[in-house]
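Undergrad: The following file, run_16.tsv, comprises TSV, N, CA and C atoms:
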chain	number	residue	atom	x	y	z
A	274	ALA	N	-4.73	-0.07	7.76
A	274	ALA	CA	-6.11	0.24	8.06
A	274	ALA	C	-6.89	0.53	6.78
A	275	LEU	N	-6.22	1.13	5.81
A	275	LEU	CA	-6.90	1.45	4.56
A	275	LEU	C	-7.29	0.17	3.83
A	276	ILE	N	-6.42	-0.82	3.87
A	276	ILE	CA	-6.72	-2.07	3.17
A	276	ILE	C	-7.93	-2.76	3.82
A	277	THR	N	-7.95	-2.84	5.13
A	277	THR	CA	-9.04	-3.54	5.81
A	277	THR	C	-10.34	-2.76	5.82
A	278	ASN	N	-10.27	-1.45	5.72
A	278	ASN	CA	-11.47	-0.61	5.77
A	278	ASN	C	-11.79	0.05	4.43
A	279	TYR	N	-11.31	-0.54	3.35
A	279	TYR	CA	-11.43	0.07	2.03
A	279	TYR	C	-12.88	0.39	1.66
A	280	GLN	N	-13.77	-0.59	1.82
A	280	GLN	CA	-15.17	-0.37	1.45
A	280	GLN	C	-15.82	0.71	2.31
A	281	ALA	N	-15.50	0.74	3.60
A	281	ALA	CA	-16.07	1.76	4.48
A	281	ALA	C	-15.58	3.15	4.09
A	282	ILE	N	-14.33	3.25	3.67
A	282	ILE	CA	-13.78	4.54	3.25
A	282	ILE	C	-14.47	5.00	1.98
A	283	LEU	N	-14.66	4.10	1.02
A	283	LEU	CA	-15.37	4.47	-0.20
A	283	LEU	C	-16.79	4.94	0.10
A	284	LYS	N	-17.45	4.25	1.02
A	284	LYS	CA	-18.81	4.62	1.40
A	284	LYS	C	-18.82	6.01	2.04
A	285	SER	N	-17.87	6.27	2.92
A	285	SER	CA	-17.79	7.58	3.57
A	285	SER	C	-17.53	8.69	2.56
A	286	LEU	N	-16.67	8.43	1.59
A	286	LEU	CA	-16.42	9.43	0.55
A	286	LEU	C	-17.67	9.69	-0.27
A	287	ASP	N	-18.42	8.65	-0.59
A	287	ASP	CA	-19.68	8.83	-1.32
A	287	ASP	C	-20.66	9.66	-0.51
A	288	GLU	N	-20.73	9.41	0.79
A	288	GLU	CA	-21.62	10.20	1.65
A	288	GLU	C	-21.20	11.66	1.69
A	289	GLU	N	-19.89	11.90	1.74
A	289	GLU	CA	-19.39	13.28	1.73
A	289	GLU	C	-19.79	13.98	0.43
A	290	ILE	N	-19.68	13.27	-0.67
A	290	ILE	CA	-20.04	13.85	-1.96
A	290	ILE	C	-21.54	14.14	-2.00
A	291	ASN	N	-22.35	13.18	-1.54
A	291	ASN	CA	-23.80	13.35	-1.56
A	291	ASN	C	-24.27	14.47	-0.64
A	292	GLU	N	-23.59	14.67	0.47
A	292	GLU	CA	-23.97	15.72	1.42
A	292	GLU	C	-23.33	17.06	1.09
A	293	GLN	N	-22.58	17.10	-0.01
A	293	GLN	CA	-21.92	18.33	-0.47
A	293	GLN	C	-20.88	18.86	0.51
A	294	LYS	N	-20.40	18.03	1.41
A	294	LYS	CA	-19.33	18.43	2.34
A	294	LYS	C	-18.00	18.09	1.68
A	295	SER	N	-17.19	19.07	1.46
A	295	SER	CA	-15.87	18.85	0.84
A	295	SER	C	-16.00	17.98	-0.40
A	296	LYS	N	-17.00	18.29	-1.20
A	296	LYS	CA	-17.33	17.45	-2.35
A	296	LYS	C	-16.14	17.25	-3.29
A	297	ASP	N	-15.44	18.32	-3.62
A	297	ASP	CA	-14.32	18.21	-4.57
A	297	ASP	C	-13.19	17.35	-4.02
A	298	VAL	N	-12.87	17.55	-2.75
A	298	VAL	CA	-11.79	16.78	-2.13
A	298	VAL	C	-12.18	15.30	-2.06
A	299	ALA	N	-13.39	15.03	-1.62
A	299	ALA	CA	-13.86	13.64	-1.50
A	299	ALA	C	-13.88	12.97	-2.87
A	300	HIS	N	-14.32	13.70	-3.88
A	300	HIS	CA	-14.36	13.13	-5.23
A	300	HIS	C	-12.95	12.82	-5.73
A	301	ALA	N	-12.01	13.72	-5.48
A	301	ALA	CA	-10.62	13.51	-5.92
A	301	ALA	C	-10.00	12.31	-5.22
A	302	ILE	N	-10.22	12.20	-3.92
A	302	ILE	CA	-9.68	11.05	-3.17
A	302	ILE	C	-10.31	9.76	-3.67
A	303	GLY	N	-11.63	9.78	-3.83
A	303	GLY	CA	-12.34	8.60	-4.31
A	303	GLY	C	-11.86	8.16	-5.68
A	304	ALA	N	-11.61	9.12	-6.56
A	304	ALA	CA	-11.14	8.80	-7.91
A	304	ALA	C	-9.74	8.22	-7.88
A	305	THR	N	-8.93	8.65	-6.93
A	305	THR	CA	-7.55	8.18	-6.84
A	305	THR	C	-7.47	6.76	-6.29
A	306	ILE	N	-8.24	6.46	-5.26
A	306	ILE	CA	-8.07	5.17	-4.58
A	306	ILE	C	-8.71	3.99	-5.30
A	307	VAL	N	-9.35	4.24	-6.42
A	307	VAL	CA	-9.94	3.12	-7.17
A	307	VAL	C	-9.06	2.69	-8.36
A	308	HIS	N	-7.86	3.24	-8.46
A	308	HIS	CA	-6.94	2.86	-9.53
A	308	HIS	C	-5.99	1.78	-9.03
A	309	VAL	N	-5.68	0.83	-9.90
A	309	VAL	CA	-4.81	-0.28	-9.53
A	309	VAL	C	-3.42	0.22	-9.15
A	310	LYS	N	-2.96	1.30	-9.76
A	310	LYS	CA	-1.65	1.85	-9.43
A	310	LYS	C	-1.60	2.25	-7.95
A	311	PHE	N	-2.66	2.87	-7.46
A	311	PHE	CA	-2.74	3.24	-6.05
A	311	PHE	C	-2.73	2.00	-5.17
A	312	ILE	N	-3.46	0.98	-5.56
A	312	ILE	CA	-3.55	-0.26	-4.78
A	312	ILE	C	-2.18	-0.95	-4.70
A	313	VAL	N	-1.45	-0.96	-5.81
A	313	VAL	CA	-0.11	-1.57	-5.80
A	313	VAL	C	0.79	-0.81	-4.83
A	314	TYR	N	0.79	0.52	-4.93
A	314	TYR	CA	1.59	1.32	-3.99
A	314	TYR	C	1.16	1.07	-2.56
A	315	LEU	N	-0.14	0.96	-2.34
A	315	LEU	CA	-0.67	0.73	-1.00
A	315	LEU	C	-0.15	-0.57	-0.41
A	316	PHE	N	-0.18	-1.64	-1.19
A	316	PHE	CA	0.27	-2.94	-0.69
A	316	PHE	C	1.78	-2.94	-0.44
A	317	ILE	N	2.54	-2.32	-1.34
A	317	ILE	CA	3.99	-2.27	-1.16
A	317	ILE	C	4.34	-1.46	0.08
A	318	LEU	N	3.74	-0.28	0.21
A	318	LEU	CA	4.02	0.56	1.38
A	318	LEU	C	3.59	-0.13	2.67
A	319	HIS	N	2.49	-0.86	2.62
A	319	HIS	CA	2.02	-1.57	3.81
A	319	HIS	C	3.09	-2.55	4.29
A	320	GLU	N	3.68	-3.30	3.37
A	320	GLU	CA	4.72	-4.26	3.75
A	320	GLU	C	5.97	-3.56	4.28
A	321	VAL	N	6.40	-2.51	3.60
A	321	VAL	CA	7.61	-1.80	4.02
A	321	VAL	C	7.40	-1.17	5.39
A	322	LEU	N	6.29	-0.47	5.56
A	322	LEU	CA	6.04	0.22	6.83
A	322	LEU	C	5.80	-0.76	7.98
A	323	LEU	N	5.27	-1.93	7.68
A	323	LEU	CA	5.10	-2.94	8.71
A	323	LEU	C	6.45	-3.36	9.27
A	324	SER	N	7.41	-3.60	8.39
A	324	SER	CA	8.76	-3.97	8.83
A	324	SER	C	9.42	-2.84	9.60
A	325	ILE	N	9.28	-1.63	9.10
A	325	ILE	CA	9.89	-0.47	9.76
A	325	ILE	C	9.25	-0.22	11.12
A	326	ASN	N	7.95	-0.43	11.23
A	326	ASN	CA	7.28	-0.23	12.52
A	326	ASN	C	7.76	-1.25	13.55
A	327	ILE	N	7.92	-2.49	13.12
A	327	ILE	CA	8.43	-3.52	14.04
A	327	ILE	C	9.82	-3.12	14.53
A	328	LEU	N	10.66	-2.67	13.60
A	328	LEU	CA	12.00	-2.23	13.97
A	328	LEU	C	11.94	-1.06	14.94
A	329	SER	N	11.09	-0.09	14.67
A	329	SER	CA	10.97	1.09	15.52
A	329	SER	C	10.56	0.72	16.94
A	330	VAL	N	9.56	-0.14	17.05
A	330	VAL	CA	9.08	-0.56	18.38
A	330	VAL	C	10.18	-1.30	19.13
A	331	GLN	N	10.87	-2.20	18.44
A	331	GLN	CA	11.93	-2.97	19.09
A	331	GLN	C	13.10	-2.09	19.52
A	332	LEU	N	13.45	-1.10	18.70
A	332	LEU	CA	14.56	-0.21	19.05
A	332	LEU	C	14.23	0.68	20.25
A	333	GLN	N	12.95	0.94	20.46
A	333	GLN	CA	12.53	1.77	21.58
A	333	GLN	C	12.31	0.97	22.86
A	334	ALA	N	12.39	-0.35	22.77
A	334	ALA	CA	12.18	-1.19	23.95
A	334	ALA	C	13.25	-0.89	25.00
A	335	LYS	N	12.85	-1.00	26.23
A	335	LYS	CA	13.72	-0.65	27.35
A	335	LYS	C	15.00	-1.47	27.40
A	336	GLY	N	14.92	-2.75	27.13
A	336	GLY	CA	16.08	-3.62	27.27
A	336	GLY	C	16.89	-3.82	26.00
A	337	THR	N	16.71	-2.97	25.01
A	337	THR	CA	17.43	-3.14	23.75
A	337	THR	C	18.90	-2.75	23.90
A	338	THR	N	19.77	-3.65	23.47
A	338	THR	CA	21.21	-3.39	23.52
A	338	THR	C	21.70	-3.00	22.12
A	339	LEU	N	22.93	-2.52	22.06
A	339	LEU	CA	23.50	-2.14	20.77
A	339	LEU	C	23.62	-3.35	19.85
A	340	GLY	N	24.02	-4.49	20.40
A	340	GLY	CA	24.13	-5.71	19.60
A	340	GLY	C	22.79	-6.17	19.07
A	341	LYS	N	21.77	-6.13	19.93
A	341	LYS	CA	20.43	-6.52	19.52
A	341	LYS	C	19.90	-5.56	18.46
A	342	SER	N	20.19	-4.28	18.62
A	342	SER	CA	19.75	-3.27	17.65
A	342	SER	C	20.36	-3.54	16.28
A	343	GLY	N	21.65	-3.87	16.27
A	343	GLY	CA	22.32	-4.18	15.01
A	343	GLY	C	21.69	-5.37	14.32
A	344	ASN	N	21.39	-6.40	15.09
A	344	ASN	CA	20.75	-7.59	14.53
A	344	ASN	C	19.36	-7.27	13.98
A	345	LEU	N	18.62	-6.42	14.69
A	345	LEU	CA	17.29	-6.03	14.23
A	345	LEU	C	17.36	-5.29	12.90
A	346	VAL	N	18.30	-4.36	12.80
A	346	VAL	CA	18.47	-3.60	11.56
A	346	VAL	C	18.85	-4.53	10.41
A	347	LYS	N	19.79	-5.44	10.67
A	347	LYS	CA	20.19	-6.39	9.63
A	347	LYS	C	19.02	-7.27	9.21
A	348	GLY	N	18.19	-7.66	10.17
A	348	GLY	CA	17.02	-8.48	9.87
A	348	GLY	C	16.03	-7.75	8.98
A	349	VAL	N	15.80	-6.48	9.27
A	349	VAL	CA	14.88	-5.69	8.44
A	349	VAL	C	15.46	-5.51	7.03
A	350	ILE	N	16.76	-5.28	6.95
A	350	ILE	CA	17.40	-5.15	5.63
A	350	ILE	C	17.23	-6.44	4.83
A	351	ARG	N	17.43	-7.59	5.48
A	351	ARG	CA	17.25	-8.88	4.79
A	351	ARG	C	15.80	-9.05	4.33
A	352	THR	N	14.87	-8.67	5.20
A	352	THR	CA	13.45	-8.77	4.84
A	352	THR	C	13.14	-7.92	3.62
A	353	LEU	N	13.62	-6.69	3.62
A	353	LEU	CA	13.37	-5.80	2.48
A	353	LEU	C	14.03	-6.34	1.21
A	354	GLU	N	15.23	-6.90	1.33
A	354	GLU	CA	15.90	-7.49	0.17
A	354	GLU	C	15.13	-8.69	-0.36
A	355	ASN	N	14.64	-9.53	0.55
A	355	ASN	CA	13.85	-10.70	0.14
A	355	ASN	C	12.55	-10.28	-0.53
A	356	ASN	N	11.97	-9.19	-0.05
A	356	ASN	CA	10.71	-8.71	-0.62
A	356	ASN	C	10.88	-8.17	-2.04
A	357	ARG	N	12.11	-7.93	-2.46
A	357	ARG	CA	12.36	-7.43	-3.81
A	357	ARG	C	12.48	-8.56	-4.83
A	358	SER	N	12.32	-9.79	-4.40
A	358	SER	CA	12.47	-10.93	-5.30
A	358	SER	C	11.23	-11.11	-6.18
A	359	ASP	N	11.42	-11.79	-7.30
A	359	ASP	CA	10.31	-12.08	-8.21
A	359	ASP	C	9.26	-12.95	-7.53
A	360	GLU	N	9.71	-13.90	-6.72
A	360	GLU	CA	8.77	-14.80	-6.04
A	360	GLU	C	7.87	-14.02	-5.09
A	361	HIS	N	8.48	-13.13	-4.32
A	361	HIS	CA	7.68	-12.35	-3.37
A	361	HIS	C	6.71	-11.43	-4.10
A	362	PHE	N	7.19	-10.80	-5.18
A	362	PHE	CA	6.29	-9.92	-5.91
A	362	PHE	C	5.14	-10.70	-6.52
A	363	SER	N	5.38	-11.93	-6.95
A	363	SER	CA	4.30	-12.77	-7.48
A	363	SER	C	3.25	-13.03	-6.41
A	364	GLU	N	3.69	-13.30	-5.18
A	364	GLU	CA	2.76	-13.50	-4.07
A	364	GLU	C	1.98	-12.21	-3.79
A	365	LEU	N	2.70	-11.10	-3.77
A	365	LEU	CA	2.06	-9.81	-3.52
A	365	LEU	C	1.06	-9.48	-4.63
A	366	TRP	N	1.43	-9.76	-5.87
A	366	TRP	CA	0.55	-9.49	-7.00
A	366	TRP	C	-0.72	-10.34	-6.90
A	367	ALA	N	-0.59	-11.57	-6.44
A	367	ALA	CA	-1.77	-12.43	-6.25
A	367	ALA	C	-2.71	-11.81	-5.21
A	368	GLU	N	-2.15	-11.29	-4.12
A	368	GLU	CA	-2.96	-10.62	-3.09
A	368	GLU	C	-3.64	-9.38	-3.66
A	369	ILE	N	-2.90	-8.63	-4.47
A	369	ILE	CA	-3.45	-7.41	-5.08
A	369	ILE	C	-4.60	-7.77	-6.01
A	370	LYS	N	-4.43	-8.83	-6.81
A	370	LYS	CA	-5.49	-9.25	-7.72
A	370	LYS	C	-6.75	-9.66	-6.96
A	371	ILE	N	-6.58	-10.36	-5.85
A	371	ILE	CA	-7.73	-10.76	-5.04
A	371	ILE	C	-8.43	-9.52	-4.48
A	372	PHE	N	-7.64	-8.60	-3.94
A	372	PHE	CA	-8.20	-7.36	-3.38
A	372	PHE	C	-8.96	-6.58	-4.46
A	373	CYS	N	-8.36	-6.46	-5.63
A	373	CYS	CA	-9.01	-5.72	-6.72
A	373	CYS	C	-10.29	-6.42	-7.16
A	374	SER	N	-10.26	-7.73	-7.22
A	374	SER	CA	-11.44	-8.49	-7.60
A	374	SER	C	-12.57	-8.29	-6.58
A	375	GLU	N	-12.23	-8.35	-5.30
A	375	GLU	CA	-13.23	-8.19	-4.24
A	375	GLU	C	-13.81	-6.78	-4.20
A	376	ASN	N	-13.06	-5.79	-4.70
A	376	ASN	CA	-13.49	-4.40	-4.61
A	376	ASN	C	-13.79	-3.78	-5.98
A	377	ASP	N	-14.00	-4.63	-6.98
A	377	ASP	CA	-14.38	-4.19	-8.33
A	377	ASP	C	-13.43	-3.14	-8.90
A	378	ILE	N	-12.13	-3.39	-8.78
A	378	ILE	CA	-11.12	-2.49	-9.32
A	378	ILE	C	-10.51	-3.18	-10.54
A	379	SER	N	-10.53	-2.49	-11.65
A	379	SER	CA	-10.00	-3.05	-12.90
A	379	SER	C	-8.48	-3.06	-12.88
A	380	ILE	N	-7.91	-4.20	-13.21
A	380	ILE	CA	-6.46	-4.31	-13.28
A	380	ILE	C	-5.97	-3.99	-14.69
A	381	ASP	N	-6.87	-4.00	-15.64
A	381	ASP	CA	-6.52	-3.70	-17.03
A	381	ASP	C	-6.03	-2.26	-17.13
A	382	ASN	N	-4.81	-2.09	-17.61
A	382	ASN	CA	-4.27	-0.75	-17.74
A	382	ASN	C	-4.12	-0.35	-19.21
A	383	SER	N	-4.97	-0.92	-20.05
A	383	SER	CA	-4.92	-0.57	-21.47
A	383	SER	C	-5.49	0.81	-21.72
A	384	ASN	N	-6.14	1.40	-20.72
A	384	ASN	CA	-6.70	2.74	-20.89
A	384	ASN	C	-5.65	3.83	-20.71
A	385	GLN	N	-4.44	3.45	-20.39
A	385	GLN	CA	-3.37	4.43	-20.27
A	385	GLN	C	-2.93	4.84	-21.66
A	386	GLY	N	-2.59	6.09	-21.79
A	386	GLY	CA	-2.14	6.60	-23.07
A	386	GLY	C	-0.76	6.07	-23.41
A	387	PRO	N	-0.35	6.29	-24.65
A	387	PRO	CA	0.99	5.83	-25.03
A	387	PRO	C	2.07	6.60	-24.29
A	388	LYS	N	3.14	5.91	-23.97
A	388	LYS	CA	4.25	6.57	-23.27
A	388	LYS	C	5.05	7.39	-24.27
A	389	ARG	N	5.53	8.52	-23.81
A	389	ARG	CA	6.34	9.37	-24.67
A	389	ARG	C	7.74	8.79	-24.76
A	390	ARG	N	8.31	8.91	-25.91
A	390	ARG	CA	9.67	8.42	-26.11
A	390	ARG	C	10.65	9.52	-25.75
A	391	LYS	N	11.73	9.13	-25.10
A	391	LYS	CA	12.79	10.09	-24.78
A	391	LYS	C	13.59	10.36	-26.03
A	392	LYS	N	13.96	11.59	-26.19
A	392	LYS	CA	14.76	11.97	-27.36
A	392	LYS	C	16.20	12.18	-26.97
Please render this file's structure as structure tokens.

TA:
Amino acid sequence: ALITNYQAILKSLDEEINEQKSKDVAHAIGATIVHVKFIVYLFILHEVLLSINILSVQLQAKGTTLGKSGNLVKGVIRTLENNRSDEHFSELWAEIKIFCSENDISIDNSNQGPKRRKK
């Protein structure tokens, strides 16, 4: 829902800030959801939770047998394993780039500070 209603959520947060209702909270949420890191997590979680939700619904179905349940679990495991491939991530990254482009989110992460070296 967040992906499909992203612009409406940003607009609502702006209205909250302008009306001084929970201004600090709305500003913090708004600042967080416009970063590419958040968008990447959002897309990955969306895919994972979609698979888990399908599994959950099927396992709760009235006519589900133990054998069918095992097959469903194995299917979700295969899906998650396939989603970890370079090819799938490339497809996901293309979707993320389109989403970021449509919502004016910068993908450039050169503004991040240098990483600390482990000693």

Undergrad: Just give me the gap between atom N of Glu320 (chain A) and atom N of Trp366 (chain A) in Å, one decimal is fine.

TA: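 So the two atoms, atom N of Glu320 (chain A) and atom N of Trp366 (chain A), lie 11.5 Å apart.
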
Undergrad: Report the distance between CA of Gln333 (chain A) and CA of Val321 (chain A) in Å, rounded to one decimal place.

TA: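 Computed distance, CA of Gln333 (chain A) to CA of Val321 (chain A), equals 18.6 Å.
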
Undergrad: Could you give me, as a list in words, the residues within 7 Å of region 284-288 of chain A, counting all atoms listed in the file and dropping anything in the same chain fewer than 6 positions from it?

TA: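 The residues satisfying every condition are Lys294, Ala299, His300 and Gly303 of chain A.
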
Undergrad: Distance CA of Arg351 (chain A)-CA of Glu364 (chain A), one decimal place?

TA: 17.6 Å

Undergrad: DSSP says helix (DSSP H, G or I) for which residues of region 294-376 of chain A? Put them as number ranges by chain?

TA: A: 296-305, 309-333, 339-356, 359-375

Undergrad: Around region 292-295 of chain A, fit a box with edges along x, y and z, padding it by 4 Å on each side, then list its centre and edge lengths in Å to one decimal as lines of an AutoDock Vina configuration file.

TA:
center_x = -19.9
center_y = 16.9
center_z = 0.9
size_x = 16.1
size_y = 12.4
size_z = 10.8

Undergrad: Name the residues in contact with His308 (chain A) at a cut-off of 8 Å, using all atoms listed in the file, excluding same-chain residues fewer than 5 positions from it; report them as a list in words.

TA: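 Counting all atoms listed in the file, the residues come to Gly303, Val313, Ile378, Ser379 and Ile380 of chain A.
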
Undergrad: Filtering to N, CA and C atoms, could you give me those residues as a PDB file, in the coordinates of the input?

TA:
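Done, and the output landed in selection-v7.pdb:
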ATOM      1  N   GLY A 303     -11.630   9.780  -3.830  1.00  0.00           N
ATOM      2  CA  GLY A 303     -12.340   8.600  -4.310  1.00  0.00           C
ATOM      3  C   GLY A 303     -11.860   8.160  -5.680  1.00  0.00           C
ATOM      4  N   VAL A 313      -1.450  -0.960  -5.810  1.00  0.00           N
ATOM      5  CA  VAL A 313      -0.110  -1.570  -5.800  1.00  0.00           C
ATOM      6  C   VAL A 313       0.790  -0.810  -4.830  1.00  0.00           C
ATOM      7  N   ILE A 378     -12.130  -3.390  -8.780  1.00  0.00           N
ATOM      8  CA  ILE A 378     -11.120  -2.490  -9.320  1.00  0.00           C
ATOM      9  C   ILE A 378     -10.510  -3.180 -10.540  1.00  0.00           C
ATOM     10  N   SER A 379     -10.530  -2.490 -11.650  1.00  0.00           N
ATOM     11  CA  SER A 379     -10.000  -3.050 -12.900  1.00  0.00           C
ATOM     12  C   SER A 379      -8.480  -3.060 -12.880  1.00  0.00           C
ATOM     13  N   ILE A 380      -7.910  -4.200 -13.210  1.00  0.00           N
ATOM     14  CA  ILE A 380      -6.460  -4.310 -13.280  1.00  0.00           C
ATOM     15  C   ILE A 380      -5.970  -3.990 -14.690  1.00  0.00           C
TER      16      ILE A 380
END

Undergrad: Of the candidates A:Val309, A:Ala274, A:Leu322, A:Ile302, which one gets nearest to Asp377 (chain A) if we count only C-alpha atoms?

TA: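 Among the listed residues, A:Val309 lies closest to Asp377 (chain A).
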
Undergrad: Quick one: everything within 12 Å of Glu375 (chain A), counting only C-alpha atoms, minus sequence neighbours fewer than 5 positions away in the same chain. Send it as an MDAnalysis selection string.

TA: chainID A and resid 276:277 279:280 368:370 380
